[in-house]
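Okay, entry-v5.pdb is below, PDB, C-alpha atoms and all ligand atoms:
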ATOM      1  CA  MET O 260      67.050 122.564  88.724
ATOM      2  CA  ARG O 261      67.807 121.623  92.330
ATOM      3  CA  ILE O 262      70.933 119.657  93.198
ATOM      4  CA  ILE O 263      71.337 118.228  96.693
ATOM      5  CA  VAL O 264      74.608 116.621  97.758
ATOM      6  CA  LEU O 265      73.443 113.490  99.565
ATOM      7  CA  GLY O 266      76.967 112.320 100.213
ATOM      8  CA  SER O 267      80.341 113.924  99.556
ATOM      9  CA  ALA O 268      82.897 111.360 100.773
ATOM     10  CA  ALA O 269      84.599 108.584  98.822
ATOM     11  CA  GLY O 270      84.104 104.898  99.545
ATOM     12  CA  GLY O 271      84.054 104.255 103.289
ATOM     13  CA  GLY O 272      82.683 107.688 104.166
ATOM     14  CA  PHE O 273      84.182 110.131 106.656
ATOM     15  CA  PRO O 274      85.091 108.839 109.108
ATOM     16  CA  GLN O 275      85.537 105.330 107.739
ATOM     17  CA  TRP O 276      84.707 102.441 110.072
ATOM     18  CA  ASN O 277      88.318 101.271 110.492
ATOM     19  CA  SER O 278      90.322 104.422 109.827
ATOM     20  CA  ALA O 279      91.588 106.787 112.503
ATOM     21  CA  CYS O 280      94.438 108.312 110.519
ATOM     22  CA  ALA O 281      95.551 111.908 111.034
ATOM     23  CA  VAL O 282      92.518 113.212 109.102
ATOM     24  CA  GLY O 283      89.877 110.596 109.926
ATOM     25  CA  GLY O 284      90.883 110.527 113.575
ATOM     26  CA  ARG O 285      89.776 114.129 113.952
ATOM     27  CA  ALA O 286      86.343 113.130 112.696
ATOM     28  CA  TRP O 287      86.166 110.256 115.173
ATOM     29  CA  TRP O 288      87.035 112.679 117.994
ATOM     30  CA  HIS O 289      84.157 114.929 116.855
ATOM     31  CA  ASP O 290      86.405 117.822 115.965
ATOM     32  CA  PRO O 291      84.033 120.468 114.525
ATOM     33  CA  ALA O 292      86.517 121.157 111.722
ATOM     34  CA  ALA O 293      86.155 117.530 110.564
ATOM     35  CA  ARG O 294      82.528 117.405 109.494
ATOM     36  CA  TRP O 295      81.180 113.875 108.960
ATOM     37  CA  ARG O 296      80.311 112.892 105.436
ATOM     38  CA  THR O 297      78.481 109.987 103.843
ATOM     39  CA  GLN O 298      79.381 108.305 100.559
ATOM     40  CA  CYS O 299      79.135 110.067  97.227
ATOM     41  CA  SER O 300      75.721 110.694  95.680
ATOM     42  CA  LEU O 301      73.638 113.569  94.338
ATOM     43  CA  ALA O 302      69.854 114.006  94.190
ATOM     44  CA  ILE O 303      68.597 116.247  91.403
ATOM     45  CA  SER O 304      65.180 117.494  90.335
ATOM     46  CA  ALA O 305      63.791 119.701  87.601
ATOM     47  CA  ASP O 306      60.334 120.051  89.159
ATOM     48  CA  ASP O 307      60.712 119.515  92.931
ATOM     49  CA  GLN O 308      58.455 116.458  92.608
ATOM     50  CA  ARG O 309      60.473 113.803  90.829
ATOM     51  CA  TRP O 310      64.011 113.228  92.102
ATOM     52  CA  VAL O 311      66.816 111.449  90.316
ATOM     53  CA  LEU O 312      69.752 109.938  92.199
ATOM     54  CA  LEU O 313      73.212 110.072  90.661
ATOM     55  CA  ASN O 314      74.655 106.917  92.239
ATOM     56  CA  ALA O 315      73.137 104.931  95.098
ATOM     57  CA  SER O 316      75.553 104.865  98.009
ATOM     58  CA  PRO O 317      75.660 102.355 100.862
ATOM     59  CA  ASP O 318      74.500 105.268 103.063
ATOM     60  CA  LEU O 319      71.347 105.872 101.038
ATOM     61  CA  ARG O 320      68.873 105.150 103.818
ATOM     62  CA  GLN O 321      70.584 107.660 106.101
ATOM     63  CA  GLN O 322      70.756 110.150 103.230
ATOM     64  CA  ILE O 323      67.027 109.833 102.554
ATOM     65  CA  LEU O 324      66.253 110.345 106.238
ATOM     66  CA  ALA O 325      68.346 113.526 106.207
ATOM     67  CA  THR O 326      66.686 114.922 103.052
ATOM     68  CA  PRO O 327      62.993 115.921 103.366
ATOM     69  CA  ALA O 328      62.606 116.197  99.574
ATOM     70  CA  LEU O 329      63.144 112.434  99.373
ATOM     71  CA  HIS O 330      60.608 111.430 102.030
ATOM     72  CA  PRO O 331      57.374 109.654 100.966
ATOM     73  CA  LYS O 332      54.641 112.177 100.185
ATOM     74  CA  ALA O 333      51.564 109.928 100.012
ATOM     75  CA  ALA O 334      50.062 106.920 101.824
ATOM     76  CA  PRO O 335      50.466 104.015 101.831
ATOM     77  CA  ARG O 336      53.583 103.819  99.703
ATOM     78  CA  HIS O 337      55.369 106.508  97.741
ATOM     79  CA  SER O 338      58.833 107.808  96.976
ATOM     80  CA  PRO O 339      59.867 110.966  95.139
ATOM     81  CA  ILE O 340      62.863 108.954  93.820
ATOM     82  CA  THR O 341      61.848 108.124  90.272
ATOM     83  CA  ALA O 342      65.206 107.170  88.774
ATOM     84  CA  VAL O 343      68.768 106.205  89.637
ATOM     85  CA  LEU O 344      71.743 106.746  87.301
ATOM     86  CA  LEU O 345      75.078 105.038  87.912
ATOM     87  CA  THR O 346      78.529 106.375  86.993
ATOM     88  CA  ASN O 347      80.338 103.075  87.595
ATOM     89  CA  GLY O 348      79.953  99.739  89.362
ATOM     90  CA  ASP O 349      81.901 100.618  92.525
ATOM     91  CA  ILE O 350      80.425  99.462  95.808
ATOM     92  CA  ASP O 351      80.124 103.058  97.029
ATOM     93  CA  HIS O 352      77.921 103.822  94.018
ATOM     94  CA  VAL O 353      75.727 100.728  93.681
ATOM     95  CA  ALA O 354      75.248  99.172  97.134
ATOM     96  CA  GLY O 355      72.437 101.625  97.900
ATOM     97  CA  LEU O 356      70.339  99.961  95.218
ATOM     98  CA  LEU O 357      69.674  97.263  97.793
ATOM     99  CA  THR O 358      68.069  99.922 100.000
ATOM    100  CA  LEU O 359      65.598 100.608  97.175
ATOM    101  CA  ARG O 360      64.035  97.130  97.125
ATOM    102  CA  GLU O 361      60.460  96.776  98.532
ATOM    103  CA  SER O 362      58.504  96.757  95.270
ATOM    104  CA  GLN O 363      58.776 100.448  94.547
ATOM    105  CA  PRO O 364      58.779 101.464  90.879
ATOM    106  CA  PHE O 365      61.735 103.427  89.567
ATOM    107  CA  ASP O 366      63.973 103.505  86.505
ATOM    108  CA  LEU O 367      67.590 102.429  86.687
ATOM    109  CA  TYR O 368      70.050 103.756  84.095
ATOM    110  CA  ALA O 369      73.625 102.591  83.508
ATOM    111  CA  THR O 370      75.942 101.708  80.652
ATOM    112  CA  ALA O 371      75.680  98.216  79.188
ATOM    113  CA  ALA O 372      78.937  97.280  80.960
ATOM    114  CA  ILE O 373      77.569  98.260  84.367
ATOM    115  CA  LEU O 374      74.155  96.695  83.695
ATOM    116  CA  ASP O 375      76.089  93.471  82.961
ATOM    117  CA  VAL O 376      77.859  93.764  86.318
ATOM    118  CA  LEU O 377      74.513  94.110  88.090
ATOM    119  CA  ALA O 378      72.973  91.265  86.080
ATOM    120  CA  ALA O 379      75.887  88.976  86.997
ATOM    121  CA  ASN O 380      75.245  89.522  90.694
ATOM    122  CA  PRO O 381      71.999  87.880  91.868
ATOM    123  CA  VAL O 382      71.778  90.020  94.991
ATOM    124  CA  PHE O 383      70.529  92.822  92.707
ATOM    125  CA  ASP O 384      67.613  90.606  91.676
ATOM    126  CA  ALA O 385      66.166  91.977  94.915
ATOM    127  CA  LEU O 386      65.107  94.818  92.622
ATOM    128  CA  ASN O 387      62.040  93.173  91.159
ATOM    129  CA  PRO O 388      61.998  93.717  87.357
ATOM    130  CA  ALA O 389      58.226  94.136  87.553
ATOM    131  CA  TYR O 390      58.928  97.440  89.330
ATOM    132  CA  VAL O 391      62.475  98.440  88.438
ATOM    133  CA  ALA O 392      63.158  98.895  84.728
ATOM    134  CA  ARG O 393      66.835  98.751  83.779
ATOM    135  CA  HIS O 394      67.782 101.051  80.910
ATOM    136  CA  ARG O 395      70.998 101.082  78.936
ATOM    137  CA  MET O 396      72.705 104.449  78.618
ATOM    138  CA  ALA O 397      74.702 104.689  75.404
ATOM    139  CA  LEU O 398      77.697 107.010  75.544
ATOM    140  CA  ASP O 399      77.161 110.489  74.082
ATOM    141  CA  GLU O 400      73.437 109.979  73.479
ATOM    142  CA  ALA O 401      71.193 112.290  75.463
ATOM    143  CA  ILE O 402      68.217 110.763  77.282
ATOM    144  CA  GLU O 403      65.236 112.312  79.045
ATOM    145  CA  VAL O 404      64.791 111.396  82.689
ATOM    146  CA  ALA O 405      62.104 113.044  84.844
ATOM    147  CA  GLY O 406      62.311 116.367  83.010
ATOM    148  CA  LEU O 407      66.115 116.328  82.893
ATOM    149  CA  THR O 408      68.252 115.783  79.814
ATOM    150  CA  VAL O 409      71.188 113.571  80.712
ATOM    151  CA  LEU O 410      74.203 112.665  78.632
ATOM    152  CA  ALA O 411      76.714 109.985  79.645
ATOM    153  CA  PHE O 412      80.319 110.330  78.497
ATOM    154  CA  ALA O 413      83.393 108.139  78.962
ATOM    155  CA  VAL O 414      85.925 109.206  81.586
ATOM    156  CA  PRO O 415      89.367 107.635  82.096
ATOM    157  CA  GLY O 416      88.847 104.996  84.775
ATOM    158  CA  LYS O 417      88.857 101.279  85.366
ATOM    159  CA  VAL O 418      86.630  98.380  86.353
ATOM    160  CA  ALA O 419      85.325  98.249  89.921
ATOM    161  CA  LEU O 420      87.874  97.071  92.490
ATOM    162  CA  TYR O 421      85.964  93.826  93.163
ATOM    163  CA  LEU O 422      86.136  92.964  89.447
ATOM    164  CA  GLU O 423      89.878  93.372  89.149
ATOM    165  CA  ARG O 424      91.688  90.193  88.123
ATOM    166  CA  GLY O 425      95.442  90.688  88.019
ATOM    167  CA  GLU O 426      96.596  94.082  86.830
ATOM    168  CA  PRO O 427      93.609  95.984  85.413
ATOM    169  CA  VAL O 428      93.772  98.499  82.600
ATOM    170  CA  ILE O 429      93.832 101.921  84.275
ATOM    171  CA  GLY O 430      92.695 105.045  82.519
ATOM    172  CA  GLY O 431      90.795 103.313  79.756
ATOM    173  CA  GLU O 432      87.909 105.321  78.326
ATOM    174  CA  GLY O 433      84.879 103.109  77.868
ATOM    175  CA  GLU O 434      81.729 102.160  79.703
ATOM    176  CA  ASP O 435      83.276 101.250  83.083
ATOM    177  CA  THR O 436      83.532 104.830  84.347
ATOM    178  CA  ILE O 437      81.410 107.669  83.043
ATOM    179  CA  GLY O 438      80.648 111.272  83.763
ATOM    180  CA  LEU O 439      77.193 112.797  83.423
ATOM    181  CA  GLU O 440      76.064 116.064  81.868
ATOM    182  CA  VAL O 441      72.684 117.154  83.219
ATOM    183  CA  ARG O 442      70.543 119.851  81.598
ATOM    184  CA  ALA O 443      67.198 121.386  82.497
ATOM    185  CA  GLY O 444      65.573 124.740  81.800
ATOM    186  CA  GLY O 445      68.589 126.050  79.909
ATOM    187  CA  LYS O 446      70.971 125.209  82.802
ATOM    188  CA  ARG O 447      73.566 122.469  82.960
ATOM    189  CA  PHE O 448      76.183 120.887  85.184
ATOM    190  CA  TYR O 449      78.651 117.995  85.120
ATOM    191  CA  PHE O 450      79.158 115.154  87.599
ATOM    192  CA  VAL O 451      82.528 113.387  87.406
ATOM    193  CA  PRO O 452      83.099 111.624  90.747
ATOM    194  CA  GLY O 453      85.825 109.299  89.434
ATOM    195  CA  CYS O 454      88.491 110.285  86.919
ATOM    196  CA  ALA O 455      91.999 108.907  86.354
ATOM    197  CA  ARG O 456      93.306 111.900  84.389
ATOM    198  CA  LEU O 457      92.101 114.943  82.501
ATOM    199  CA  THR O 458      92.257 114.178  78.787
ATOM    200  CA  ASP O 459      92.077 116.889  76.151
ATOM    201  CA  GLY O 460      88.588 115.667  75.265
ATOM    202  CA  LEU O 461      87.356 115.883  78.833
ATOM    203  CA  ALA O 462      88.934 119.315  79.266
ATOM    204  CA  ALA O 463      87.156 120.525  76.128
ATOM    205  CA  ARG O 464      83.857 119.155  77.400
ATOM    206  CA  LEU O 465      84.155 120.803  80.810
ATOM    207  CA  ALA O 466      85.532 124.132  79.515
ATOM    208  CA  GLY O 467      83.150 126.991  80.214
ATOM    209  CA  ALA O 468      80.753 124.848  82.252
ATOM    210  CA  PRO O 469      78.725 126.771  84.836
ATOM    211  CA  LEU O 470      79.163 124.035  87.480
ATOM    212  CA  ILE O 471      81.092 120.806  87.919
ATOM    213  CA  PHE O 472      81.285 118.245  90.705
ATOM    214  CA  PHE O 473      84.687 116.567  90.270
ATOM    215  CA  ASP O 474      86.775 113.732  91.711
ATOM    216  CA  GLY O 475      88.463 114.958  94.912
ATOM    217  CA  THR O 476      89.481 111.536  96.224
ATOM    218  CA  LEU O 477      93.106 112.135  97.205
ATOM    219  CA  TRP O 478      95.241 115.184  97.894
ATOM    220  CA  THR O 479      98.475 113.451  96.853
ATOM    221  CA  ASP O 480      98.969 110.286  94.824
ATOM    222  CA  ASP O 481     100.790 108.408  97.622
ATOM    223  CA  GLU O 482      98.575 109.683 100.444
ATOM    224  CA  MET O 483      97.226 106.278 101.446
ATOM    225  CA  VAL O 484     100.682 104.707 101.410
ATOM    226  CA  ARG O 485     102.199 107.496 103.507
ATOM    227  CA  SER O 486      99.315 107.554 105.988
ATOM    228  CA  GLY O 487      99.590 103.796 106.428
ATOM    229  CA  THR O 488      95.976 103.281 105.383
ATOM    230  CA  GLY O 489      96.585 101.398 102.145
ATOM    231  CA  ALA O 490      99.132 100.127  99.663
ATOM    232  CA  LYS O 491      97.743 101.717  96.533
ATOM    233  CA  THR O 492      98.444 105.024  94.879
ATOM    234  CA  GLY O 493      95.679 107.174  93.488
ATOM    235  CA  ALA O 494      96.915 106.380  89.999
ATOM    236  CA  ARG O 495      96.469 102.667  90.702
ATOM    237  CA  MET O 496      92.945 103.342  92.005
ATOM    238  CA  GLY O 497      92.002 105.344  88.919
ATOM    239  CA  HIS O 498      91.811 108.682  90.716
ATOM    240  CA  ILE O 499      93.667 111.843  89.703
ATOM    241  CA  SER O 500      95.113 113.677  92.720
ATOM    242  CA  VAL O 501      94.016 117.176  93.660
ATOM    243  CA  SER O 502      97.501 118.671  94.177
ATOM    244  CA  GLY O 503     100.729 118.541  92.189
ATOM    245  CA  PRO O 504     101.680 119.387  88.622
ATOM    246  CA  ASP O 505      99.462 116.614  87.237
ATOM    247  CA  GLY O 506      96.665 117.185  89.733
ATOM    248  CA  SER O 507      93.154 118.419  89.091
ATOM    249  CA  LEU O 508      93.753 121.874  90.617
ATOM    250  CA  ALA O 509      96.369 122.537  87.931
ATOM    251  CA  ALA O 510      94.630 120.625  85.158
ATOM    252  CA  LEU O 511      91.317 122.454  85.487
ATOM    253  CA  ALA O 512      92.716 125.876  86.363
ATOM    254  CA  SER O 513      92.381 127.350  82.882
ATOM    255  CA  LEU O 514      89.023 125.836  81.915
ATOM    256  CA  ASP O 515      86.898 128.836  82.893
ATOM    257  CA  VAL O 516      84.429 126.780  84.928
ATOM    258  CA  GLY O 517      81.933 128.909  86.868
ATOM    259  CA  ARG O 518      81.711 126.811  90.019
ATOM    260  CA  LYS O 519      84.058 123.918  90.817
ATOM    261  CA  VAL O 520      83.127 121.545  93.635
ATOM    262  CA  TYR O 521      85.198 118.605  94.835
ATOM    263  CA  ILE O 522      83.231 115.463  95.706
ATOM    264  CA  HIS O 523      84.059 111.781  96.391
ATOM    265  CA  ILE O 524      86.698 112.825  98.947
ATOM    266  CA  ASN O 525      88.642 110.089 100.719
ATOM    267  CA  ASN O 526      88.894 109.971 104.516
ATOM    268  CA  THR O 527      92.674 110.529 104.246
ATOM    269  CA  ASN O 528      92.435 113.773 102.244
ATOM    270  CA  PRO O 529      93.451 116.748 104.440
ATOM    271  CA  MET O 530      91.255 119.141 102.455
ATOM    272  CA  LEU O 531      88.328 117.572 104.349
ATOM    273  CA  LEU O 532      89.462 119.533 107.405
ATOM    274  CA  ASP O 533      88.012 123.062 107.516
ATOM    275  CA  ASP O 534      91.185 124.412 109.131
ATOM    276  CA  SER O 535      93.828 122.679 107.013
ATOM    277  CA  PRO O 536      96.359 124.439 104.769
ATOM    278  CA  GLU O 537      95.185 122.142 101.971
ATOM    279  CA  ARG O 538      91.606 123.440 102.319
ATOM    280  CA  ALA O 539      92.955 126.994 102.135
ATOM    281  CA  VAL O 540      94.819 126.142  98.924
ATOM    282  CA  VAL O 541      91.648 124.703  97.370
ATOM    283  CA  LEU O 542      89.533 127.704  98.337
ATOM    284  CA  ARG O 543      92.146 130.152  97.066
ATOM    285  CA  ALA O 544      92.074 128.317  93.728
ATOM    286  CA  GLY O 545      88.332 128.972  93.519
ATOM    287  CA  TRP O 546      87.155 125.467  94.379
ATOM    288  CA  GLU O 547      84.594 124.383  96.963
ATOM    289  CA  VAL O 548      84.638 121.176  98.983
ATOM    290  CA  ALA O 549      81.231 119.501  98.941
ATOM    291  CA  HIS O 550      79.524 118.635 102.214
ATOM    292  CA  ASP O 551      76.463 116.530 102.846
ATOM    293  CA  GLY O 552      73.264 118.539 102.530
ATOM    294  CA  MET O 553      74.870 121.186 100.314
ATOM    295  CA  GLU O 554      72.274 122.432  97.845
ATOM    296  CA  VAL O 555      72.736 124.231  94.535
ATOM    297  CA  ARG O 556      69.919 125.769  92.504
ATOM    298  CA  LEU O 557      70.557 126.384  88.859
TER     299      LEU O 557
HETATM  300  C1  LIG O 601      87.055 103.862  94.277
HETATM  301  O1  LIG O 601      86.488 104.959  94.205
HETATM  302  O2  LIG O 601      88.202 103.715  93.849
HETATM  303  C2  LIG O 601      86.312 102.719  94.843
HETATM  304  O3  LIG O 601      85.135 103.143  95.452
HETATM  305  C3  LIG O 601      87.166 101.920  95.747
HETATM  306  C4  LIG O 601      86.402 100.846  96.473
HETATM  307  O4  LIG O 601      85.530 100.196  95.893
HETATM  308  O5  LIG O 601      86.662 100.658  97.665
HETATM  309 MN    MN O 602      84.605 105.284  95.082
END

Could I get this file's structure written as structure tokens?
Ligand code: MLT
Ligand code: MN
Amino acid sequence: MRIIVLGSAAGGGFPQWNSACAVGGRAWWHDPAARWRTQCSLAISADDQRWVLLNASPDLRQQILATPALHPKAAPRHSPITAVLLTNGDIDHVAGLLTLRESQPFDLYATAAILDVLAANPVFDALNPAYVARHRMALDEAIEVAGLTVLAFAVPGKVALYLERGEPVIGGEGEDTIGLEVRAGGKRFYFVPGCARLTDGLAARLAGAPLIFFDGTLWTDDEMVRSGTGAKTGARMGHISVSGPDGSLAALASLDVGRKVYIHINNTNPMLLDDSPERAVVLRAGWEVAHDGMEVRL
């Protein structure tokens, strides 16, 4: 199985169009320690021919250009992208579907809740149903996709920001936010780009995994408030922090995971900077920080 990180940043990317905070500013000034990153997505393949996208980010066109495996291989029209799986309805995970219009066949998989979100928004009718089949992923039922066995599981989360009306339920475990287990050829990994907290059930699922890509949105819960970039805490956004007693570094420390990679990293998170003390803490704890173009073979 090949896994290519198409994008490693959270919504907005790194740098984000309107953010020149202490971390993002260094990216805008082209500091080599602040490597640019596009929005969160993986491309995976069991056979090097058919590629499956985990989320379709607003940067998808740029990500395809940067990834030879995803270039057309035959005239006049072709794409190695045969399927797209969604982990939630957030803009940073679904807007790239609009890049995949143009009457190209592929299969789209999401939970019923997220398929409803897409169906309620006519802009996604740009994906012609004669070419793009929409498939419902039931929780905890494995499906076969392009030689991969994929299982969707509920992760504590919330509805997409643009669907919030009043105070949303945060940390609910249903079909709004899922993680994915991917298996092929006796290998497996987990993709959990959004997670409000580590429940006992999720910890048990991830324990002993050879590889996980996990929510690295914020370093501290109040990071956006303190950096003046936003009013919300990570908890309010449905993202567990990396640091602190309740953070993911502590929560996953004893799970015996072979390779732990942070992904979906916000432009305010100091661990994005190669030379930051926060990056050193993460590396010392045995984690990696995903970067665009990173490839893992299992
Ligand atoms: C999130 O990860 O919380 C969302 O992508 C936020 C957003 O939609 O801007
Ligand atoms: Mn996001």

Completion exercise
Restricting to all atoms listed in the file, whichever of O:Arg495, O:Arg485, O:His352, O:Lys446 is closest to O:Glu423 is O:Arg495

Handout entry: Long-range neighbours of O:Ala378 as JSON, numbers by chain, 12 Å cut-off, only C-alpha atoms, 6 positions minimum in chain
Key = {"O": [348, 369, 371, 372, 384, 385, 386, 388, 393]}

Handout entry: Interatomic distance (Å, one decimal) between atom CA of O:Pro331 and atom CA of O:Ser267
Key =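 Atom CA of O:Ser267 lies 23.4 Å from atom CA of O:Pro331.
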
Exercise for the section: Select the residues contacting ligand MN 602 (chain O) at a distance of at most 10 Å, based on all atoms listed in the file, then format the selection as a list in words. Expected result: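 Those residues are Ala268, Ala269, Gly270, Gly271, Gly272, Gln298, Cys299, Ser316, Asn347, Gly348, Asp349, Ile350, Asp351, His352, Ala419, Leu420, Pro452, Gly453, Asp474, Thr476, Met496, Gly497, His498, His523, Ile524 and Asn525 of chain O.
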
Problem - Residue members of the PyMOL selection byres (((chain O and resi 409) around 7) and not hetatm) in the file shown, as number ranges by chain - result: O: 401-403, 407-408, 410-411, 439-442

Exercise for the section: Find the distance between atom CA of O:Gly517 and atom CA of O:Ala544 and write it in Å to one decimal. Expected result: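 We find that atom CA of O:Gly517 and atom CA of O:Ala544 lie 12.3 Å from each other.
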
Exercise for the section: On this file, the PyMOL selection byres (((chain O and resi 278) around 12) and not hetatm) gives some set of residues; write that set as a list in words. Expected result: Gly271, Gly272, Phe273, Pro274, Gln275, Trp276, Asn277, Ala279, Cys280, Ala281, Val282, Gly283, Gly284, Arg285, Ala286, Trp287, Met483, Ser486, Gly487, Thr488, Gly489, Asn525, Asn526 and Thr527 of chain O

Problem - Selection near stretch 354-358 of chain O, 7 Å with only C-alpha atoms, sequence-local residues under 5 positions removed, as a list in words - result: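 Near stretch 354-358 of chain O, the qualifying residues are Ala315, Ser316, Pro317, Asp318, Leu319, Arg320, Phe383 and Ala385 of chain O.
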
Problem - Proximity to ligand LIG 601 (chain O) - best of O:Glu400, O:Ala462, O:Gly431, O:Val353, all atoms listed in the file - result: O:Val353

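Across O:Leu477, O:Leu374, O:Leu265, O:Ala302, the tightest approach to ligand LIG 601 (chain O) is made by O:Leu477 when counting all atoms listed in the file.
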
Produce the centre coordinates and the three edge lengths, each in Å to one decimal, of the box along x, y and z that contains all listed atoms of ligand LIG 601 (chain O) with 3 Å added on each side, as lines of an AutoDock Vina configuration file.
center_x = 86.7
center_y = 102.6
center_z = 95.8
size_x = 9.1
size_y = 10.8
size_z = 9.8

Exercise for the section: Would you list the residues near (63.7, 122.9, 85.9), meaning any protein, DNA or RNA residue with an atom at most 10 Å from that point in file coordinates, counting all atoms listed in the file, as a PyMOL selection string? Expected result: chain O and resi 260-261+303-307+406-407+442-446+556-557

Stretch 326-333 of chain O rebuilt with all heavy atoms, output as a PDB file, in the coordinates of the input:
ATOM      1  N   THR O 326      67.060 114.068 104.190  1.00  0.00           N
ATOM      2  CA  THR O 326      66.686 114.922 103.052  1.00  0.00           C
ATOM      3  C   THR O 326      65.169 114.923 102.877  1.00  0.00           C
ATOM      4  O   THR O 326      64.597 114.034 102.233  1.00  0.00           O
ATOM      5  CB  THR O 326      67.368 114.392 101.758  1.00  0.00           C
ATOM      6  OG1 THR O 326      68.761 114.186 102.015  1.00  0.00           O
ATOM      7  CG2 THR O 326      67.192 115.362 100.612  1.00  0.00           C
ATOM      8  N   PRO O 327      64.456 115.919 103.428  1.00  0.00           N
ATOM      9  CA  PRO O 327      62.993 115.921 103.366  1.00  0.00           C
ATOM     10  C   PRO O 327      62.431 115.765 101.959  1.00  0.00           C
ATOM     11  O   PRO O 327      61.374 115.146 101.768  1.00  0.00           O
ATOM     12  CB  PRO O 327      62.622 117.275 103.982  1.00  0.00           C
ATOM     13  CG  PRO O 327      63.758 117.579 104.912  1.00  0.00           C
ATOM     14  CD  PRO O 327      64.987 117.015 104.248  1.00  0.00           C
ATOM     15  N   ALA O 328      63.116 116.299 100.956  1.00  0.00           N
ATOM     16  CA  ALA O 328      62.606 116.197  99.574  1.00  0.00           C
ATOM     17  C   ALA O 328      62.454 114.747  99.140  1.00  0.00           C
ATOM     18  O   ALA O 328      61.666 114.450  98.240  1.00  0.00           O
ATOM     19  CB  ALA O 328      63.554 116.919  98.617  1.00  0.00           C
ATOM     20  N   LEU O 329      63.180 113.832  99.788  1.00  0.00           N
ATOM     21  CA  LEU O 329      63.144 112.434  99.373  1.00  0.00           C
ATOM     22  C   LEU O 329      62.223 111.578 100.234  1.00  0.00           C
ATOM     23  O   LEU O 329      62.142 110.362 100.056  1.00  0.00           O
ATOM     24  CB  LEU O 329      64.567 111.845  99.393  1.00  0.00           C
ATOM     25  CG  LEU O 329      65.604 112.548  98.505  1.00  0.00           C
ATOM     26  CD1 LEU O 329      66.943 111.812  98.558  1.00  0.00           C
ATOM     27  CD2 LEU O 329      65.112 112.641  97.060  1.00  0.00           C
ATOM     28  N   HIS O 330      61.528 112.201 101.180  1.00  0.00           N
ATOM     29  CA  HIS O 330      60.608 111.430 102.030  1.00  0.00           C
ATOM     30  C   HIS O 330      59.326 111.084 101.263  1.00  0.00           C
ATOM     31  O   HIS O 330      58.928 111.838 100.371  1.00  0.00           O
ATOM     32  CB  HIS O 330      60.238 112.229 103.285  1.00  0.00           C
ATOM     33  CG  HIS O 330      61.403 112.494 104.182  1.00  0.00           C
ATOM     34  ND1 HIS O 330      61.293 113.197 105.358  1.00  0.00           N
ATOM     35  CD2 HIS O 330      62.722 112.153 104.097  1.00  0.00           C
ATOM     36  CE1 HIS O 330      62.480 113.286 105.957  1.00  0.00           C
ATOM     37  NE2 HIS O 330      63.356 112.662 105.210  1.00  0.00           N
ATOM     38  N   PRO O 331      58.663 109.977 101.602  1.00  0.00           N
ATOM     39  CA  PRO O 331      57.374 109.654 100.966  1.00  0.00           C
ATOM     40  C   PRO O 331      56.392 110.799 101.166  1.00  0.00           C
ATOM     41  O   PRO O 331      56.357 111.432 102.222  1.00  0.00           O
ATOM     42  CB  PRO O 331      56.919 108.398 101.710  1.00  0.00           C
ATOM     43  CG  PRO O 331      58.136 107.850 102.357  1.00  0.00           C
ATOM     44  CD  PRO O 331      59.049 109.004 102.630  1.00  0.00           C
ATOM     45  N   LYS O 332      55.579 111.050 100.124  1.00  0.00           N
ATOM     46  CA  LYS O 332      54.641 112.177 100.185  1.00  0.00           C
ATOM     47  C   LYS O 332      53.187 111.709 100.170  1.00  0.00           C
ATOM     48  O   LYS O 332      52.283 112.545 100.158  1.00  0.00           O
ATOM     49  CB  LYS O 332      54.874 113.123  98.990  1.00  0.00           C
ATOM     50  CG  LYS O 332      56.286 113.716  98.930  1.00  0.00           C
ATOM     51  CD  LYS O 332      56.526 114.731 100.035  1.00  0.00           C
ATOM     52  CE  LYS O 332      57.866 115.441  99.927  1.00  0.00           C
ATOM     53  NZ  LYS O 332      59.038 114.652 100.288  1.00  0.00           N
ATOM     54  N   ALA O 333      52.942 110.415 100.092  1.00  0.00           N
ATOM     55  CA  ALA O 333      51.564 109.928 100.012  1.00  0.00           C
ATOM     56  C   ALA O 333      51.463 108.547 100.648  1.00  0.00           C
ATOM     57  O   ALA O 333      52.426 107.769 100.594  1.00  0.00           O
ATOM     58  CB  ALA O 333      51.116 109.856  98.554  1.00  0.00           C
TER      59      ALA O 333
END
